[in-house]
file data12.pdb (PDB, C-alpha atoms, pLDDT in the B column)
ATOM      1  CA  MET A   1     110.665  48.507 139.964  1.00 38.00           C
ATOM      2  CA  LYS A   2     109.840  47.844 136.360  1.00 43.00           C
ATOM      3  CA  GLY A   3     109.949  45.076 133.813  1.00 44.00           C
ATOM      4  CA  GLU A   4     108.326  41.690 133.469  1.00 52.00           C
ATOM      5  CA  CYS A   5     107.052  39.600 136.358  1.00 57.00           C
ATOM      6  CA  LEU A   6     109.878  37.390 137.616  1.00 78.00           C
ATOM      7  CA  SER A   7     108.240  35.484 140.468  1.00 87.00           C
ATOM      8  CA  PRO A   8     111.625  34.425 141.872  1.00 93.00           C
ATOM      9  CA  ARG A   9     111.841  31.113 143.713  1.00 93.00           C
ATOM     10  CA  GLU A  10     115.514  31.264 144.694  1.00 97.00           C
ATOM     11  CA  LEU A  11     117.511  34.210 146.047  1.00 98.00           C
ATOM     12  CA  ILE A  12     121.291  34.325 145.624  1.00 98.00           C
ATOM     13  CA  PHE A  13     123.074  36.919 147.740  1.00 98.00           C
ATOM     14  CA  ASP A  14     126.369  38.688 147.439  1.00 98.00           C
ATOM     15  CA  LEU A  15     127.926  39.098 150.911  1.00 97.00           C
ATOM     16  CA  ASP A  16     129.996  42.268 151.421  1.00 97.00           C
ATOM     17  CA  GLY A  17     127.847  45.357 150.993  1.00 96.00           C
ATOM     18  CA  THR A  18     124.703  43.256 150.726  1.00 98.00           C
ATOM     19  CA  LEU A  19     124.352  41.360 154.001  1.00 98.00           C
ATOM     20  CA  TRP A  20     126.929  43.282 156.028  1.00 98.00           C
ATOM     21  CA  SER A  21     129.694  45.881 156.010  1.00 97.00           C
ATOM     22  CA  PRO A  22     133.159  44.418 156.675  1.00 96.00           C
ATOM     23  CA  LEU A  23     134.831  47.832 156.350  1.00 96.00           C
ATOM     24  CA  GLU A  24     136.327  48.006 159.851  1.00 96.00           C
ATOM     25  CA  LEU A  25     137.304  44.335 159.623  1.00 96.00           C
ATOM     26  CA  SER A  26     139.153  44.789 156.330  1.00 97.00           C
ATOM     27  CA  LEU A  27     140.788  48.011 157.492  1.00 97.00           C
ATOM     28  CA  LYS A  28     142.338  46.255 160.493  1.00 97.00           C
ATOM     29  CA  ALA A  29     143.268  43.087 158.585  1.00 98.00           C
ATOM     30  CA  TRP A  30     145.008  44.915 155.749  1.00 98.00           C
ATOM     31  CA  THR A  31     146.728  47.373 158.078  1.00 98.00           C
ATOM     32  CA  ASP A  32     148.070  44.506 160.199  1.00 98.00           C
ATOM     33  CA  ALA A  33     149.076  42.478 157.124  1.00 98.00           C
ATOM     34  CA  CYS A  34     151.031  45.386 155.653  1.00 98.00           C
ATOM     35  CA  SER A  35     152.750  45.941 158.991  1.00 97.00           C
ATOM     36  CA  CYS A  36     153.793  42.271 159.102  1.00 97.00           C
ATOM     37  CA  PHE A  37     155.733  42.694 155.851  1.00 98.00           C
ATOM     38  CA  GLY A  38     156.912  46.267 156.326  1.00 97.00           C
ATOM     39  CA  VAL A  39     154.695  47.504 153.501  1.00 98.00           C
ATOM     40  CA  SER A  40     153.366  51.054 153.417  1.00 97.00           C
ATOM     41  CA  THR A  41     149.724  51.457 154.504  1.00 97.00           C
ATOM     42  CA  LYS A  42     149.255  54.624 152.428  1.00 96.00           C
ATOM     43  CA  ASN A  43     146.477  52.984 150.395  1.00 96.00           C
ATOM     44  CA  ILE A  44     144.794  51.222 153.308  1.00 97.00           C
ATOM     45  CA  THR A  45     141.953  53.672 153.790  1.00 97.00           C
ATOM     46  CA  LYS A  46     138.209  53.252 154.053  1.00 95.00           C
ATOM     47  CA  GLU A  47     137.799  54.985 150.713  1.00 95.00           C
ATOM     48  CA  LYS A  48     140.171  52.582 148.946  1.00 95.00           C
ATOM     49  CA  LEU A  49     138.725  49.533 150.658  1.00 95.00           C
ATOM     50  CA  GLU A  50     135.210  50.494 149.568  1.00 93.00           C
ATOM     51  CA  GLN A  51     136.466  50.207 145.989  1.00 92.00           C
ATOM     52  CA  CYS A  52     137.737  46.678 146.651  1.00 92.00           C
ATOM     53  CA  PHE A  53     134.539  44.937 147.690  1.00 89.00           C
ATOM     54  CA  GLY A  54     133.326  42.571 144.999  1.00 81.00           C
ATOM     55  CA  LYS A  55     136.603  42.659 143.078  1.00 86.00           C
ATOM     56  CA  SER A  56     139.019  39.809 142.418  1.00 87.00           C
ATOM     57  CA  PRO A  57     142.124  39.339 144.589  1.00 90.00           C
ATOM     58  CA  ASP A  58     144.337  40.557 141.726  1.00 92.00           C
ATOM     59  CA  ASP A  59     142.332  43.777 141.449  1.00 93.00           C
ATOM     60  CA  ILE A  60     142.396  44.259 145.231  1.00 95.00           C
ATOM     61  CA  MET A  61     146.157  43.807 145.387  1.00 96.00           C
ATOM     62  CA  GLN A  62     146.636  46.322 142.595  1.00 96.00           C
ATOM     63  CA  LEU A  63     144.484  48.885 144.373  1.00 96.00           C
ATOM     64  CA  LEU A  64     146.059  48.470 147.811  1.00 97.00           C
ATOM     65  CA  VAL A  65     149.654  47.319 147.356  1.00 97.00           C
ATOM     66  CA  GLY A  66     150.213  47.530 143.615  1.00 96.00           C
ATOM     67  CA  PHE A  67     153.424  49.496 144.140  1.00 97.00           C
ATOM     68  CA  GLU A  68     155.152  46.374 145.545  1.00 97.00           C
ATOM     69  CA  PRO A  69     156.566  43.360 143.637  1.00 97.00           C
ATOM     70  CA  LYS A  70     153.961  40.750 142.736  1.00 97.00           C
ATOM     71  CA  ALA A  71     155.238  38.131 145.182  1.00 97.00           C
ATOM     72  CA  LEU A  72     155.046  40.594 148.059  1.00 98.00           C
ATOM     73  CA  GLN A  73     151.583  41.735 146.983  1.00 97.00           C
ATOM     74  CA  GLN A  74     150.439  38.114 147.150  1.00 97.00           C
ATOM     75  CA  ALA A  75     152.002  37.541 150.563  1.00 98.00           C
ATOM     76  CA  VAL A  76     150.301  40.608 152.018  1.00 98.00           C
ATOM     77  CA  CYS A  77     146.970  39.648 150.444  1.00 97.00           C
ATOM     78  CA  ASP A  78     147.139  36.068 151.748  1.00 97.00           C
ATOM     79  CA  LYS A  79     147.924  37.387 155.232  1.00 98.00           C
ATOM     80  CA  ALA A  80     145.100  39.940 155.107  1.00 98.00           C
ATOM     81  CA  PHE A  81     142.582  37.328 153.998  1.00 97.00           C
ATOM     82  CA  SER A  82     143.690  34.991 156.781  1.00 97.00           C
ATOM     83  CA  LEU A  83     143.372  37.792 159.334  1.00 98.00           C
ATOM     84  CA  GLU A  84     139.892  38.685 158.060  1.00 97.00           C
ATOM     85  CA  ASN A  85     138.694  35.129 158.669  1.00 97.00           C
ATOM     86  CA  GLN A  86     140.181  35.222 162.169  1.00 97.00           C
ATOM     87  CA  LEU A  87     138.648  38.619 162.978  1.00 96.00           C
ATOM     88  CA  ILE A  88     135.094  37.838 161.851  1.00 97.00           C
ATOM     89  CA  PRO A  89     134.239  35.969 165.101  1.00 96.00           C
ATOM     90  CA  LYS A  90     135.347  39.082 166.994  1.00 95.00           C
ATOM     91  CA  ARG A  91     132.555  40.964 165.203  1.00 93.00           C
ATOM     92  CA  TYR A  92     134.613  43.707 163.624  1.00 91.00           C
ATOM     93  CA  GLY A  93     132.054  43.820 160.803  1.00 92.00           C
ATOM     94  CA  THR A  94     128.552  45.273 160.970  1.00 95.00           C
ATOM     95  CA  LEU A  95     125.470  43.237 160.086  1.00 96.00           C
ATOM     96  CA  TYR A  96     123.000  45.444 158.249  1.00 97.00           C
ATOM     97  CA  PRO A  97     119.717  46.248 160.060  1.00 94.00           C
ATOM     98  CA  SER A  98     116.910  43.690 159.785  1.00 95.00           C
ATOM     99  CA  VAL A  99     119.095  41.091 158.026  1.00 97.00           C
ATOM    100  CA  GLU A 100     118.461  38.207 160.413  1.00 96.00           C
ATOM    101  CA  GLN A 101     114.713  38.734 160.719  1.00 97.00           C
ATOM    102  CA  THR A 102     114.318  39.311 156.988  1.00 97.00           C
ATOM    103  CA  LEU A 103     116.296  36.181 156.106  1.00 98.00           C
ATOM    104  CA  LYS A 104     114.225  34.185 158.579  1.00 97.00           C
ATOM    105  CA  THR A 105     111.038  35.293 156.844  1.00 97.00           C
ATOM    106  CA  LEU A 106     112.435  34.861 153.311  1.00 97.00           C
ATOM    107  CA  ALA A 107     113.653  31.329 154.068  1.00 97.00           C
ATOM    108  CA  ARG A 108     110.055  30.212 154.621  1.00 95.00           C
ATOM    109  CA  GLN A 109     109.215  30.961 150.989  1.00 94.00           C
ATOM    110  CA  TYR A 110     112.484  30.963 149.024  1.00 96.00           C
ATOM    111  CA  SER A 111     115.651  28.896 148.785  1.00 97.00           C
ATOM    112  CA  LEU A 112     118.559  31.125 149.845  1.00 98.00           C
ATOM    113  CA  PHE A 113     122.183  30.992 148.651  1.00 98.00           C
ATOM    114  CA  ILE A 114     125.373  33.082 148.782  1.00 98.00           C
ATOM    115  CA  VAL A 115     127.876  33.589 145.955  1.00 98.00           C
ATOM    116  CA  SER A 116     130.836  35.847 146.756  1.00 96.00           C
ATOM    117  CA  ASN A 117     134.282  36.700 145.394  1.00 93.00           C
ATOM    118  CA  CYS A 118     135.772  36.229 148.871  1.00 94.00           C
ATOM    119  CA  GLN A 119     138.430  33.811 150.112  1.00 95.00           C
ATOM    120  CA  GLY A 120     137.679  30.322 151.351  1.00 96.00           C
ATOM    121  CA  GLY A 121     136.303  30.133 154.889  1.00 97.00           C
ATOM    122  CA  TYR A 122     135.066  33.738 154.889  1.00 97.00           C
ATOM    123  CA  ILE A 123     131.383  32.989 154.257  1.00 98.00           C
ATOM    124  CA  GLU A 124     131.399  30.142 156.754  1.00 97.00           C
ATOM    125  CA  ALA A 125     132.994  32.335 159.440  1.00 97.00           C
ATOM    126  CA  PHE A 126     130.371  35.017 158.777  1.00 98.00           C
ATOM    127  CA  LEU A 127     127.443  32.593 158.965  1.00 98.00           C
ATOM    128  CA  ASN A 128     128.752  30.913 162.109  1.00 97.00           C
ATOM    129  CA  THR A 129     129.425  34.202 163.886  1.00 97.00           C
ATOM    130  CA  TYR A 130     126.001  35.668 163.225  1.00 97.00           C
ATOM    131  CA  GLY A 131     124.013  32.430 163.538  1.00 97.00           C
ATOM    132  CA  LEU A 132     122.696  32.522 159.967  1.00 98.00           C
ATOM    133  CA  ASN A 133     123.708  29.045 158.793  1.00 95.00           C
ATOM    134  CA  GLY A 134     120.224  27.612 158.934  1.00 96.00           C
ATOM    135  CA  TYR A 135     118.802  30.023 156.376  1.00 98.00           C
ATOM    136  CA  PHE A 136     121.071  29.109 153.443  1.00 98.00           C
ATOM    137  CA  SER A 137     120.967  25.985 151.287  1.00 98.00           C
ATOM    138  CA  ASP A 138     124.465  26.419 149.851  1.00 98.00           C
ATOM    139  CA  VAL A 139     127.316  28.908 149.386  1.00 98.00           C
ATOM    140  CA  LEU A 140     130.063  29.311 146.779  1.00 97.00           C
ATOM    141  CA  CYS A 141     133.095  31.584 146.697  1.00 96.00           C
ATOM    142  CA  SER A 142     135.895  32.224 144.238  1.00 94.00           C
ATOM    143  CA  GLY A 143     138.458  31.338 146.897  1.00 93.00           C
ATOM    144  CA  ASP A 144     137.198  27.754 146.880  1.00 95.00           C
ATOM    145  CA  THR A 145     136.314  27.265 143.218  1.00 96.00           C
ATOM    146  CA  LEU A 146     138.925  29.603 141.639  1.00 94.00           C
ATOM    147  CA  LEU A 147     136.148  30.753 139.309  1.00 95.00           C
ATOM    148  CA  PRO A 148     134.856  34.289 138.668  1.00 94.00           C
ATOM    149  CA  LYS A 149     131.534  35.278 140.175  1.00 96.00           C
ATOM    150  CA  ASN A 150     129.484  34.814 136.999  1.00 97.00           C
ATOM    151  CA  GLU A 151     130.708  31.222 136.648  1.00 98.00           C
ATOM    152  CA  ASN A 152     129.988  30.530 140.308  1.00 98.00           C
ATOM    153  CA  ILE A 153     126.450  31.852 139.916  1.00 98.00           C
ATOM    154  CA  ALA A 154     125.960  29.634 136.868  1.00 98.00           C
ATOM    155  CA  LEU A 155     127.532  26.676 138.684  1.00 98.00           C
ATOM    156  CA  LEU A 156     125.204  27.121 141.650  1.00 98.00           C
ATOM    157  CA  CYS A 157     122.164  27.351 139.376  1.00 97.00           C
ATOM    158  CA  LYS A 158     123.167  24.144 137.606  1.00 97.00           C
ATOM    159  CA  LYS A 159     124.083  22.300 140.805  1.00 97.00           C
ATOM    160  CA  HIS A 160     120.693  22.951 142.398  1.00 97.00           C
ATOM    161  CA  ALA A 161     118.636  23.071 139.185  1.00 97.00           C
ATOM    162  CA  LEU A 162     117.388  26.539 140.098  1.00 96.00           C
ATOM    163  CA  LYS A 163     114.268  27.535 138.195  1.00 93.00           C
ATOM    164  CA  ARG A 164     113.791  31.266 138.812  1.00 95.00           C
ATOM    165  CA  PRO A 165     116.836  32.677 140.635  1.00 96.00           C
ATOM    166  CA  LEU A 166     117.443  36.321 141.483  1.00 97.00           C
ATOM    167  CA  TYR A 167     120.895  37.670 142.347  1.00 98.00           C
ATOM    168  CA  ILE A 168     121.093  40.443 144.960  1.00 98.00           C
ATOM    169  CA  GLY A 169     124.267  42.546 145.059  1.00 97.00           C
ATOM    170  CA  ASP A 170     125.564  46.065 145.537  1.00 97.00           C
ATOM    171  CA  THR A 171     128.102  46.699 142.749  1.00 95.00           C
ATOM    172  CA  GLU A 172     128.318  47.028 138.988  1.00 94.00           C
ATOM    173  CA  THR A 173     130.528  43.917 139.091  1.00 93.00           C
ATOM    174  CA  ASP A 174     127.628  42.011 140.657  1.00 96.00           C
ATOM    175  CA  LYS A 175     125.273  43.264 137.967  1.00 96.00           C
ATOM    176  CA  ARG A 176     127.639  42.171 135.171  1.00 96.00           C
ATOM    177  CA  ALA A 177     128.216  38.784 136.778  1.00 97.00           C
ATOM    178  CA  ALA A 178     124.479  38.143 137.052  1.00 97.00           C
ATOM    179  CA  ALA A 179     123.972  39.185 133.420  1.00 97.00           C
ATOM    180  CA  LEU A 180     126.732  36.838 132.227  1.00 98.00           C
ATOM    181  CA  ALA A 181     125.093  34.026 134.202  1.00 97.00           C
ATOM    182  CA  HIS A 182     121.690  34.940 132.680  1.00 96.00           C
ATOM    183  CA  VAL A 183     120.204  35.636 136.112  1.00 96.00           C
ATOM    184  CA  PRO A 184     118.089  38.729 136.910  1.00 96.00           C
ATOM    185  CA  PHE A 185     119.764  41.242 139.234  1.00 97.00           C
ATOM    186  CA  LEU A 186     118.482  43.312 142.159  1.00 97.00           C
ATOM    187  CA  TYR A 187     120.592  46.247 143.330  1.00 97.00           C
ATOM    188  CA  ALA A 188     121.191  46.740 147.067  1.00 98.00           C
ATOM    189  CA  ALA A 189     121.654  50.514 146.901  1.00 97.00           C
ATOM    190  CA  TYR A 190     122.700  50.835 150.555  1.00 97.00           C
ATOM    191  CA  GLY A 191     125.981  48.987 149.861  1.00 96.00           C
ATOM    192  CA  PHE A 192     129.351  50.067 148.477  1.00 94.00           C
ATOM    193  CA  GLY A 193     128.737  50.389 144.746  1.00 91.00           C
ATOM    194  CA  ASP A 194     126.935  52.653 142.317  1.00 93.00           C
ATOM    195  CA  VAL A 195     124.906  50.667 139.811  1.00 94.00           C
ATOM    196  CA  LEU A 196     123.445  52.515 136.866  1.00 90.00           C
ATOM    197  CA  ASP A 197     120.116  51.554 135.323  1.00 91.00           C
ATOM    198  CA  ALA A 198     119.348  48.736 137.743  1.00 93.00           C
ATOM    199  CA  GLU A 199     115.921  47.346 136.966  1.00 91.00           C
ATOM    200  CA  TYR A 200     115.176  46.314 140.553  1.00 95.00           C
ATOM    201  CA  VAL A 201     116.400  48.299 143.571  1.00 96.00           C
ATOM    202  CA  ILE A 202     116.159  48.198 147.376  1.00 97.00           C
ATOM    203  CA  THR A 203     117.446  50.924 149.707  1.00 97.00           C
ATOM    204  CA  ASP A 204     117.157  48.844 152.897  1.00 97.00           C
ATOM    205  CA  PHE A 205     117.490  45.088 153.344  1.00 97.00           C
ATOM    206  CA  SER A 206     114.018  44.787 154.869  1.00 96.00           C
ATOM    207  CA  GLU A 207     112.502  46.031 151.579  1.00 97.00           C
ATOM    208  CA  LEU A 208     113.445  42.714 149.997  1.00 95.00           C
ATOM    209  CA  LEU A 209     110.348  41.070 151.449  1.00 93.00           C
ATOM    210  CA  LEU A 210     107.926  43.369 149.665  1.00 93.00           C
ATOM    211  CA  VAL A 211     109.951  43.627 146.470  1.00 93.00           C
ATOM    212  CA  CYS A 212     110.239  39.857 145.985  1.00 90.00           C
ATOM    213  CA  ARG A 213     106.531  39.412 146.564  1.00 89.00           C
ATOM    214  CA  ALA A 214     105.820  42.090 143.948  1.00 89.00           C
ATOM    215  CA  LEU A 215     108.121  40.711 141.247  1.00 87.00           C
TER     216      LEU A 215
END

call {"tool": "encode", "arguments": {"input": "data12.pdb", "output": "structure tokens"}}
result
Amino acid sequence: MKGECLSPRELIFDLDGTLWSPLELSLKAWTDACSCFGVSTKNITKEKLEQCFGKSPDDIMQLLVGFEPKALQQAVCDKAFSLENQLIPKRYGTLYPSVEQTLKTLARQYSLFIVSNCQGGYIEAFLNTYGLNGYFSDVLCSGDTLLPKNENIALLCKKHALKRPLYIGDTETDKRAAALAHVPFLYAAYGFGDVLDAEYVITDFSELLLVCRAL
């Protein structure tokens, strides 16, 4: 860690790659969605999916099914997103170690939020499945607002009059979004992305307790 003392009062979390890994979930959902429409699954690999987390639906479609006409890309994407929401309660994803206990402790001192680029219903399904609803004051996603992540972060800060927020994410996209929203960023280095020159870094979710107290 380096830089000025932040003394954060509110913590805003990314979801995929920060609180959990949905890799197996997304692999099954996209494979099944492609099969429904007779689309090749040549790009539906763990390596490709890791590149998708945190990106917009348009970017995801281009990476996974960009070789198909736009209308078919959209149909496959809509189906995959719907399947993801249905599969979350079956626990295809993997909650990162210490997440529940760490959130429980953090919630005693900080207001907690989630801002994600995911589809509508995804965050809610995640929170319900893992019993984490009670720790978060509010959530926003691009699927509901149709806004990019930086605007959702700014919207959340305005909505709740946040004083000293900190955004926690795992990709360069998260870092840029936080910067555009004028919110400090903390890099979850155990996730899917590689973030260069992050000012604040954790390598395990449980480290967040000590890092936030030290900021």

call {"tool": "resolve_selection", "arguments": {"input": "data12.pdb", "expression": "the PyMOL selection byres ((chain A and resi 151-164) around 6)", "output": "list in words"}}
result
Pro8, Arg9, Pro148, Lys149, Asn150, Pro165 and Ala181 of chain A

call {"tool": "write_last_selection", "arguments": {"input": "data12.pdb", "atoms": "C-alpha atoms", "output": "PDB file, in the coordinates of the input"}}
result
ATOM      1  CA  PRO A   8     111.625  34.425 141.872  1.00 93.00           C
ATOM      2  CA  ARG A   9     111.841  31.113 143.713  1.00 93.00           C
ATOM      3  CA  PRO A 148     134.856  34.289 138.668  1.00 94.00           C
ATOM      4  CA  LYS A 149     131.534  35.278 140.175  1.00 96.00           C
ATOM      5  CA  ASN A 150     129.484  34.814 136.999  1.00 97.00           C
ATOM      6  CA  PRO A 165     116.836  32.677 140.635  1.00 96.00           C
ATOM      7  CA  ALA A 181     125.093  34.026 134.202  1.00 97.00           C
TER       8      ALA A 181
END

call {"tool": "closest_residue", "arguments": {"input": "data12.pdb", "among": "A:Gln109, A:Arg176, A:Gly38, A:Gly193", "to": "A:Ser7", "atoms": "only C-alpha atoms"}}
result
A:Gln109

call {"tool": "closest_residue", "arguments": {"input": "data12.pdb", "among": "A:Ala189, A:Val183, A:Ile202, A:Met61", "to": "A:Phe81", "atoms": "all atoms listed in the file"}}
result
A:Met61

call {"tool": "closest_residue", "arguments": {"input": "data12.pdb", "among": "A:Leu72, A:Leu83, A:Leu49, A:Leu19", "to": "A:Tyr96", "atoms": "only C-alpha atoms"}}
result
A:Leu19

call {"tool": "closest_residue", "arguments": {"input": "data12.pdb", "among": "A:Leu15, A:Ile168, A:Cys212, A:Leu27", "to": "A:Glu124", "atoms": "only C-alpha atoms"}}
result
A:Leu15

call {"tool": "atom_distance", "arguments": {"input": "data12.pdb", "atom1": "atom CA of A:Asp78", "atom2": "atom CA of A:Phe136"}}
result
27.0 Å

call {"tool": "resolve_selection", "arguments": {"input": "data12.pdb", "expression": "the PyMOL selection byres ((chain A and resi 213) around 12)", "output": "VMD selection string"}}
result
chain A and resid 1 5 to 9 105 to 106 109 to 110 207 to 212 214 to 215

call {"tool": "write_last_selection", "arguments": {"input": "data12.pdb", "atoms": "C-alpha atoms", "output": "PDB file, in the coordinates of the input"}}
result
ATOM      1  CA  MET A   1     110.665  48.507 139.964  1.00 38.00           C
ATOM      2  CA  CYS A   5     107.052  39.600 136.358  1.00 57.00           C
ATOM      3  CA  LEU A   6     109.878  37.390 137.616  1.00 78.00           C
ATOM      4  CA  SER A   7     108.240  35.484 140.468  1.00 87.00           C
ATOM      5  CA  PRO A   8     111.625  34.425 141.872  1.00 93.00           C
ATOM      6  CA  ARG A   9     111.841  31.113 143.713  1.00 93.00           C
ATOM      7  CA  THR A 105     111.038  35.293 156.844  1.00 97.00           C
ATOM      8  CA  LEU A 106     112.435  34.861 153.311  1.00 97.00           C
ATOM      9  CA  GLN A 109     109.215  30.961 150.989  1.00 94.00           C
ATOM     10  CA  TYR A 110     112.484  30.963 149.024  1.00 96.00           C
ATOM     11  CA  GLU A 207     112.502  46.031 151.579  1.00 97.00           C
ATOM     12  CA  LEU A 208     113.445  42.714 149.997  1.00 95.00           C
ATOM     13  CA  LEU A 209     110.348  41.070 151.449  1.00 93.00           C
ATOM     14  CA  LEU A 210     107.926  43.369 149.665  1.00 93.00           C
ATOM     15  CA  VAL A 211     109.951  43.627 146.470  1.00 93.00           C
ATOM     16  CA  CYS A 212     110.239  39.857 145.985  1.00 90.00           C
ATOM     17  CA  ALA A 214     105.820  42.090 143.948  1.00 89.00           C
ATOM     18  CA  LEU A 215     108.121  40.711 141.247  1.00 87.00           C
TER      19      LEU A 215
END

call {"tool": "atom_distance", "arguments": {"input": "data12.pdb", "atom1": "atom CA of A:Arg108", "atom2": "atom CA of A:Gly134"}}
result
11.3 Å

call {"tool": "atom_distance", "arguments": {"input": "data12.pdb", "atom1": "atom CA of A:Ser137", "atom2": "atom CA of A:Asn85"}}
result
21.3 Å

call {"tool": "build_atoms", "arguments": {"input": "data12.pdb", "residues": "stretch 23-42 of chain A", "atoms": "N, CA and C atoms", "output": "CSV table (one decimal), in the coordinates of the input"}}
result
chain,number,residue,atom,x,y,z
A,23,LEU,N,133.9,46.8,156.5
A,23,LEU,CA,134.8,47.8,156.4
A,23,LEU,C,135.9,47.9,157.5
A,24,GLU,N,135.4,47.9,158.7
A,24,GLU,CA,136.3,48.0,159.9
A,24,GLU,C,137.2,46.7,159.9
A,25,LEU,N,136.6,45.6,159.6
A,25,LEU,CA,137.3,44.3,159.6
A,25,LEU,C,138.4,44.4,158.6
A,26,SER,N,138.1,44.8,157.4
A,26,SER,CA,139.2,44.8,156.3
A,26,SER,C,140.2,45.8,156.6
A,27,LEU,N,139.8,47.0,157.2
A,27,LEU,CA,140.8,48.0,157.5
A,27,LEU,C,141.8,47.5,158.5
A,28,LYS,N,141.4,46.8,159.5
A,28,LYS,CA,142.3,46.3,160.5
A,28,LYS,C,143.2,45.1,159.9
A,29,ALA,N,142.5,44.2,159.1
A,29,ALA,CA,143.3,43.1,158.6
A,29,ALA,C,144.4,43.5,157.6
A,30,TRP,N,144.0,44.5,156.7
A,30,TRP,CA,145.0,44.9,155.7
A,30,TRP,C,146.1,45.8,156.4
A,31,THR,N,145.7,46.6,157.4
A,31,THR,CA,146.7,47.4,158.1
A,31,THR,C,147.7,46.5,158.8
A,32,ASP,N,147.2,45.4,159.5
A,32,ASP,CA,148.1,44.5,160.2
A,32,ASP,C,148.9,43.7,159.2
A,33,ALA,N,148.3,43.3,158.1
A,33,ALA,CA,149.1,42.5,157.1
A,33,ALA,C,150.2,43.3,156.5
A,34,CYS,N,150.0,44.5,156.2
A,34,CYS,CA,151.0,45.4,155.7
A,34,CYS,C,152.1,45.6,156.7
A,35,SER,N,151.8,45.8,157.9
A,35,SER,CA,152.8,45.9,159.0
A,35,SER,C,153.6,44.7,159.2
A,36,CYS,N,153.0,43.5,159.0
A,36,CYS,CA,153.8,42.3,159.1
A,36,CYS,C,154.9,42.2,158.1
A,37,PHE,N,154.7,42.8,156.9
A,37,PHE,CA,155.7,42.7,155.9
A,37,PHE,C,156.5,44.0,155.6
A,38,GLY,N,156.2,45.0,156.5
A,38,GLY,CA,156.9,46.3,156.3
A,38,GLY,C,156.5,47.0,155.1
A,39,VAL,N,155.2,46.9,154.7
A,39,VAL,CA,154.7,47.5,153.5
A,39,VAL,C,153.9,48.8,153.9
A,40,SER,N,154.1,49.8,153.1
A,40,SER,CA,153.4,51.1,153.4
A,40,SER,C,151.8,50.9,153.4
A,41,THR,N,151.2,51.5,154.4
A,41,THR,CA,149.7,51.5,154.5
A,41,THR,C,149.1,52.7,153.9
A,42,LYS,N,149.8,53.4,153.0
A,42,LYS,CA,149.3,54.6,152.4
A,42,LYS,C,147.9,54.4,151.7
